[in-house]
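Chemist: The structure is given below, and queries will be raised subsequently.
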Amino acid sequence: MKKIFTLIAMALMAVGANAQTTIFDAANEAWSSADLTKGETKVGDVTWHGGGSVSIATGSKTFADEVQWTARIKSGGKSTFKSGSTLVRVFTFTPTKSGKVKVYCVGGGAGDRTTYISQSITSTDRDTETAIGSFKSTEQAIGIAEATVEAGEMVYVWADNNVGIYGITFEEVATEAVDATFSLTNTNINTYQTSQIKVNSKAGLDGLTMKSLTYDNSVISIDEAGKITPVAAGTSSITFTTDAVDGKYKAGTASLSITVVAATLDEQENVSATSTWDWSQFGVSEIKLDDNTNPKKTDEFVLSNVITYGYCTTIGTDFGNAKALKVIMEYPVRGGSYCQGPSIKFNTTVAGKLSVTYSNTGTRTDEAQRRYLNVNGTNYGDGTMDTEQATTADIPVAAGEVTISGRMGSDTETQFLRYYKIVFTKSDTDGIADVKVIAEQNAPAYNLAGQKVDKSFKGVVIQNGKKMIQK
């Protein structure tokens, strides 16, 4: 029997974040052409709550993070920021993701001027306790007010007297992908397969390109698409770096440990009691073995450990003693009700009787193609020409190996059948027949005095332990 391999993936982590997105730019014509002195003006996702003397002023400024702006909105007075009242000179927007807000601003006139960022509002006008970020401009200095905001909650940008705001940006917070663990523990695959595992296919890792990739190629192989294929038993550490992708991820590093463990199929167990194997209780609709899997459809294997397409299927307790069945099958399960293939075997430590529900694998028109249920070399029943189910009468089997297969008449070549249900019933007796005591007609006879007498004696005699009158 060929060996199979189990792939156990540990954990993979990477760092990801979005680039800055501009949500307000005073140089945008939509703002300069609007009436910002009253009502509400909305451009994109940002709303300006206007009022008072407001205007757009041009003039290029480059900030500490090298971001350059060419115009600003001049508030012309302080913001009115109060619950229950109309907002005046306040920006609002609601982010769909948590992230960082930056407000590029400048103070106007003499003295300090502060710009605030809030995500809540109170009944007290200009309550700075609500601020989660701010920048105090001294003597008309430019600067950036920053705050980390929560998704789904409105953000308010408001300010002291005569503050100018050039732009507002939003950046999704950089986060670590938390234990992006591959769910591969106890998943059996083999060296014939290209595993459907990709280093860059799990949550938080889509789109990453591996660079400086290192791993032990005597244990696994990795192709350009990131697919991992086991080569031999052992453990390999995988490391690689990534660049930022479309502003979605920051450059970072990732690591993964893969252990490939050599494994063998289950051993067949003996049947020692009445057992039933009913494929309608299997719980899956189809498992097909082919020449690219291990075991192959021509291999003999224990049904409780079916290996196909990289997945392990364990038959539950509702399928009887599954580990007792050793099969050669193309379809260990098909249609959710039968298995299909050449033969099924089981070992029994007790004698019993067998009943099998089976059918042909398709419709046959030639009588010579009638297929019979064969047990240990003997055909039973009337055979089958189509997929209509037939159930054999009780077939006696002795303790030992029982082989169930299909035959066409007296032909010794094994034929495929569909096996729906097998019932093995343990014998009720030990095979020893009841002993019958037969009375001996010529046994000696005795009179009541205990004397032996012959047939000429007339009277009461005792013969074979019974009293009788001899005449």
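Just so we're on the same page: first chain in the structure tokens is A, next is B, and so on; residues restart at 1 for each chain, and ligands are numbered from 1 in the order they show up.
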Enumerate as a ChimeraX atom specification all residues of segment 111-165 of chain A assigned to strand (DSSP E) by DSSP on the backbone, naming them with the chain letters and numbers the document uses.
Modeler: /A:112-118,131-138,142-149,155-159,164-165
Chemist: Show me a table, sorted first by chain and then by increasing residue number, of the residues of segment 261-287 of chain A having an atom at most 10 Å from segment 406-421 of chain A, each with its shortest atom pair and the distance in Å to one decimal, counting only C-alpha atoms and written as JSON lines.
Modeler:
{"residue": "A:Thr276", "atom": "CA", "partner": "A:Lys421", "partner_atom": "CA", "distance": 7.4}
{"residue": "A:Trp277", "atom": "CA", "partner": "A:Lys421", "partner_atom": "CA", "distance": 5.6}
{"residue": "A:Asp278", "atom": "CA", "partner": "A:Lys421", "partner_atom": "CA", "distance": 4.5}
{"residue": "A:Trp279", "atom": "CA", "partner": "A:Tyr420", "partner_atom": "CA", "distance": 5.7}
{"residue": "A:Ser280", "atom": "CA", "partner": "A:Tyr420", "partner_atom": "CA", "distance": 7.5}
{"residue": "A:Gln281", "atom": "CA", "partner": "A:Lys421", "partner_atom": "CA", "distance": 9.8}
Chemist: Skip Phe93 of chain A itself and residues of its chain fewer than 5 positions away, then list as a PyMOL selection string all residues within 8 Å of it, counting only C-alpha atoms.
Modeler: chain A and resi 45-47+154-156
Chemist: Write out as a ChimeraX atom specification each polymer residue whose atoms come within 10 Å of Thr128 of chain A, counting only C-alpha atoms; drop sequence neighbours fewer than 6 positions from it.
Modeler: /A:81,116-118,121-122,134,159
Chemist: Could you write out that same residue set with N, CA, C and O atoms as a compact mmCIF listing (two decimals), in the first residue's frame?
Modeler:
# COMPACT_ATOMS: atom_id res chain seq x y z
N PHE A 81 -21.05 74.00 17.50
CA PHE A 81 -21.00 72.54 17.61
C PHE A 81 -21.76 72.15 18.86
O PHE A 81 -21.25 72.21 19.98
N TYR A 116 -10.56 70.71 15.73
CA TYR A 116 -10.92 69.51 16.51
C TYR A 116 -11.55 68.43 15.63
O TYR A 116 -12.19 68.72 14.62
N ILE A 117 -11.39 67.20 16.10
CA ILE A 117 -12.06 66.04 15.50
C ILE A 117 -12.83 65.34 16.62
O ILE A 117 -12.26 65.04 17.67
N SER A 118 -14.14 65.09 16.40
CA SER A 118 -14.97 64.43 17.41
C SER A 118 -15.79 63.32 16.76
O SER A 118 -16.02 63.34 15.54
N ILE A 121 -21.25 64.23 20.30
CA ILE A 121 -21.66 65.63 20.43
C ILE A 121 -22.42 65.79 21.74
O ILE A 121 -23.11 64.87 22.19
N THR A 122 -22.24 66.92 22.42
CA THR A 122 -22.90 67.14 23.71
C THR A 122 -23.86 68.33 23.60
O THR A 122 -23.97 68.97 22.56
N SER A 134 -6.85 66.86 17.77
CA SER A 134 -6.87 68.31 17.57
C SER A 134 -5.50 68.80 17.14
O SER A 134 -4.49 68.10 17.28
N ALA A 159 -13.91 73.91 14.54
CA ALA A 159 -12.72 74.71 14.85
C ALA A 159 -13.06 76.02 15.55
O ALA A 159 -14.22 76.43 15.64
Chemist: Do you have the atom CA of Gly39 of chain A-atom CA of Val149 of chain A distance handy?
Modeler: 25.8 Å
Chemist: Within 12 Å of Trp158 of chain A, counting only C-alpha atoms, which residues qualify if same-chain residues fewer than 4 places away don't, as a ChimeraX atom specification?
Modeler: /A:48-50,75,77-82,87-92,103,105,113-119,121,125-128,130-135,145,162-165,168
Chemist: Give me the residues near Thr214 of chain A as a ChimeraX atom specification, where near means some atom within 8 Å (using only C-alpha atoms) and where sequence neighbours in that chain fewer than 3 positions away do not count.
Modeler: /A:237-240
Chemist: Those same residues, written as an mmCIF file, in the first residue's frame with N, CA, C and O atoms?
Modeler:
data_model
loop_
_atom_site.group_PDB
_atom_site.id
_atom_site.type_symbol
_atom_site.label_atom_id
_atom_site.label_comp_id
_atom_site.auth_asym_id
_atom_site.auth_seq_id
_atom_site.Cartn_x
_atom_site.Cartn_y
_atom_site.Cartn_z
ATOM 1 N N SER A 237 10.019 25.437 7.274
ATOM 2 C CA SER A 237 9.636 26.817 7.588
ATOM 3 C C SER A 237 9.583 27.611 6.291
ATOM 4 O O SER A 237 10.476 27.502 5.455
ATOM 5 N N ILE A 238 8.537 28.397 6.132
ATOM 6 C CA ILE A 238 8.373 29.240 4.950
ATOM 7 C C ILE A 238 8.450 30.696 5.400
ATOM 8 O O ILE A 238 7.770 31.086 6.339
ATOM 9 N N THR A 239 9.255 31.476 4.756
ATOM 10 C CA THR A 239 9.311 32.913 5.044
ATOM 11 C C THR A 239 9.286 33.679 3.722
ATOM 12 O O THR A 239 9.790 33.197 2.703
ATOM 13 N N PHE A 240 8.698 34.869 3.749
ATOM 14 C CA PHE A 240 8.714 35.723 2.569
ATOM 15 C C PHE A 240 8.369 37.142 2.979
ATOM 16 O O PHE A 240 7.878 37.385 4.085
#
Chemist: Quick one, how far is atom CA of Ala141 of chain A from atom CA of Arg72 of chain A?
Modeler: 13.7 Å
Chemist: Tell me, which residues of segment 299-413 of chain A carry DSSP helix (DSSP H, G or I), written as a PyMOL selection string?
Modeler: chain A and resi 303-305+317-319+322-324+367-369
Chemist: Go ahead and write the selection's residues with all heavy atoms as an mmCIF file, in the first residue's frame.
Modeler:
data_model
loop_
_atom_site.group_PDB
_atom_site.id
_atom_site.type_symbol
_atom_site.label_atom_id
_atom_site.label_comp_id
_atom_site.auth_asym_id
_atom_site.auth_seq_id
_atom_site.Cartn_x
_atom_site.Cartn_y
_atom_site.Cartn_z
ATOM 1 N N LEU A 303 -12.327 0.948 4.098
ATOM 2 C CA LEU A 303 -13.318 1.967 3.742
ATOM 3 C C LEU A 303 -13.407 3.100 4.764
ATOM 4 O O LEU A 303 -13.826 4.192 4.442
ATOM 5 C CB LEU A 303 -14.687 1.315 3.577
ATOM 6 C CG LEU A 303 -15.783 2.181 2.958
ATOM 7 C CD1 LEU A 303 -15.358 2.670 1.583
ATOM 8 C CD2 LEU A 303 -17.071 1.417 2.841
ATOM 9 N N SER A 304 -12.988 2.875 5.994
ATOM 10 C CA SER A 304 -13.120 3.914 7.014
ATOM 11 C C SER A 304 -12.141 5.061 6.809
ATOM 12 O O SER A 304 -12.216 6.068 7.475
ATOM 13 C CB SER A 304 -12.899 3.322 8.404
ATOM 14 O OG SER A 304 -11.583 2.837 8.512
ATOM 15 N N ASN A 305 -11.210 4.932 5.876
ATOM 16 C CA ASN A 305 -10.234 6.004 5.646
ATOM 17 C C ASN A 305 -10.114 6.261 4.158
ATOM 18 O O ASN A 305 -9.091 6.022 3.547
ATOM 19 C CB ASN A 305 -8.884 5.615 6.244
ATOM 20 C CG ASN A 305 -7.970 6.812 6.413
ATOM 21 O OD1 ASN A 305 -8.409 7.951 6.349
ATOM 22 N ND2 ASN A 305 -6.709 6.558 6.618
ATOM 23 N N THR A 317 -20.268 6.141 13.244
ATOM 24 C CA THR A 317 -20.730 4.934 13.931
ATOM 25 C C THR A 317 -22.062 4.454 13.391
ATOM 26 O O THR A 317 -22.426 3.301 13.570
ATOM 27 C CB THR A 317 -20.868 5.201 15.440
ATOM 28 O OG1 THR A 317 -21.739 6.330 15.629
ATOM 29 C CG2 THR A 317 -19.524 5.509 16.054
ATOM 30 N N ASP A 318 -22.811 5.329 12.716
ATOM 31 C CA ASP A 318 -24.097 4.907 12.174
ATOM 32 C C ASP A 318 -23.939 4.026 10.944
ATOM 33 O O ASP A 318 -24.907 3.543 10.383
ATOM 34 C CB ASP A 318 -24.971 6.114 11.824
ATOM 35 C CG ASP A 318 -24.325 7.030 10.795
ATOM 36 O OD1 ASP A 318 -23.136 6.819 10.492
ATOM 37 O OD2 ASP A 318 -25.008 7.934 10.301
ATOM 38 N N PHE A 319 -22.732 3.784 10.516
ATOM 39 C CA PHE A 319 -22.464 2.915 9.378
ATOM 40 C C PHE A 319 -21.950 1.553 9.841
ATOM 41 O O PHE A 319 -21.369 0.805 9.083
ATOM 42 C CB PHE A 319 -21.464 3.568 8.436
ATOM 43 C CG PHE A 319 -21.329 2.883 7.106
ATOM 44 C CD1 PHE A 319 -22.392 2.819 6.221
ATOM 45 C CD2 PHE A 319 -20.134 2.300 6.724
ATOM 46 C CE1 PHE A 319 -22.273 2.193 4.994
ATOM 47 C CE2 PHE A 319 -20.004 1.675 5.491
ATOM 48 C CZ PHE A 319 -21.079 1.625 4.629
ATOM 49 N N ALA A 322 -17.327 0.014 10.271
ATOM 50 C CA ALA A 322 -16.791 0.320 8.947
ATOM 51 C C ALA A 322 -15.368 -0.180 8.766
ATOM 52 O O ALA A 322 -14.971 -0.552 7.672
ATOM 53 C CB ALA A 322 -16.836 1.827 8.716
ATOM 54 N N LYS A 323 -14.585 -0.194 9.818
ATOM 55 C CA LYS A 323 -13.194 -0.608 9.698
ATOM 56 C C LYS A 323 -13.059 -2.094 9.382
ATOM 57 O O LYS A 323 -11.970 -2.573 9.107
ATOM 58 C CB LYS A 323 -12.423 -0.277 10.981
ATOM 59 C CG LYS A 323 -12.167 1.207 11.163
ATOM 60 C CD LYS A 323 -11.253 1.471 12.338
ATOM 61 C CE LYS A 323 -10.956 2.951 12.469
ATOM 62 N NZ LYS A 323 -10.044 3.230 13.602
ATOM 63 N N ALA A 324 -14.169 -2.828 9.424
ATOM 64 C CA ALA A 324 -14.110 -4.248 9.082
ATOM 65 C C ALA A 324 -14.130 -4.456 7.571
ATOM 66 O O ALA A 324 -13.814 -5.538 7.102
ATOM 67 C CB ALA A 324 -15.275 -4.989 9.718
ATOM 68 N N GLU A 367 -28.464 -11.232 -22.373
ATOM 69 C CA GLU A 367 -28.566 -12.130 -21.230
ATOM 70 C C GLU A 367 -27.200 -12.602 -20.738
ATOM 71 O O GLU A 367 -27.001 -12.853 -19.549
ATOM 72 C CB GLU A 367 -29.431 -13.340 -21.606
ATOM 73 C CG GLU A 367 -29.623 -14.357 -20.496
ATOM 74 C CD GLU A 367 -30.401 -13.804 -19.318
ATOM 75 O OE1 GLU A 367 -31.226 -12.896 -19.524
ATOM 76 O OE2 GLU A 367 -30.196 -14.287 -18.181
ATOM 77 N N ALA A 368 -26.253 -12.652 -21.655
ATOM 78 C CA ALA A 368 -24.907 -13.092 -21.274
ATOM 79 C C ALA A 368 -24.220 -12.083 -20.356
ATOM 80 O O ALA A 368 -23.205 -12.402 -19.718
ATOM 81 C CB ALA A 368 -24.060 -13.325 -22.519
ATOM 82 N N GLN A 369 -24.795 -10.883 -20.268
ATOM 83 C CA GLN A 369 -24.214 -9.843 -19.429
ATOM 84 C C GLN A 369 -24.871 -9.778 -18.046
ATOM 85 O O GLN A 369 -24.568 -8.876 -17.263
ATOM 86 C CB GLN A 369 -24.339 -8.479 -20.106
ATOM 87 C CG GLN A 369 -23.526 -8.367 -21.397
ATOM 88 C CD GLN A 369 -23.686 -7.018 -22.054
ATOM 89 O OE1 GLN A 369 -24.768 -6.428 -22.054
ATOM 90 N NE2 GLN A 369 -22.609 -6.510 -22.626
#
Chemist: Choose the residue, out of A:Asp160, A:Glu139, A:Glu172, A:Asp112, that has the smallest atom-to-atom separation from Lys100 of chain A; count only C-alpha atoms.
Modeler: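 Nearest candidate to Lys100 of chain A out of A:Asp160, A:Glu139, A:Glu172, A:Asp112: A:Glu172.
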Chemist: Could you name the residues that touch segment 59-68 of chain A at 8 Å or less, counting only C-alpha atoms, but leaving out those on the same chain fewer than 3 positions away, as an MDAnalysis selection string?
Modeler: chainID A and resid 71:72 104 142:144
Chemist: Write out the residues from the selection above, keeping N, CA and C atoms, as a compact mmCIF listing (two decimals), in the first residue's frame.
Modeler:
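After the write, selection15.txt holds the following:
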# COMPACT_ATOMS: atom_id res chain seq x y z
N ALA A 71 -5.41 75.16 -1.85
CA ALA A 71 -6.51 76.07 -1.47
C ALA A 71 -7.05 75.65 -0.10
N ARG A 72 -7.74 76.59 0.55
CA ARG A 72 -8.31 76.30 1.86
C ARG A 72 -9.69 76.94 1.97
N TYR A 104 -5.90 68.87 7.53
CA TYR A 104 -4.79 69.78 7.23
C TYR A 104 -5.32 71.21 7.38
N ILE A 142 0.71 76.20 10.09
CA ILE A 142 -0.03 75.08 9.49
C ILE A 142 0.28 73.80 10.28
N GLY A 143 -0.65 72.87 10.24
CA GLY A 143 -0.43 71.61 10.94
C GLY A 143 -1.54 70.62 10.64
N ILE A 144 -1.48 69.47 11.32
CA ILE A 144 -2.42 68.38 11.04
C ILE A 144 -3.09 67.94 12.34
Chemist: Atom CA of Phe170 of chain A to atom CA of Glu129 of chain A: how many Å, to one decimal?
Modeler: 22.4 Å
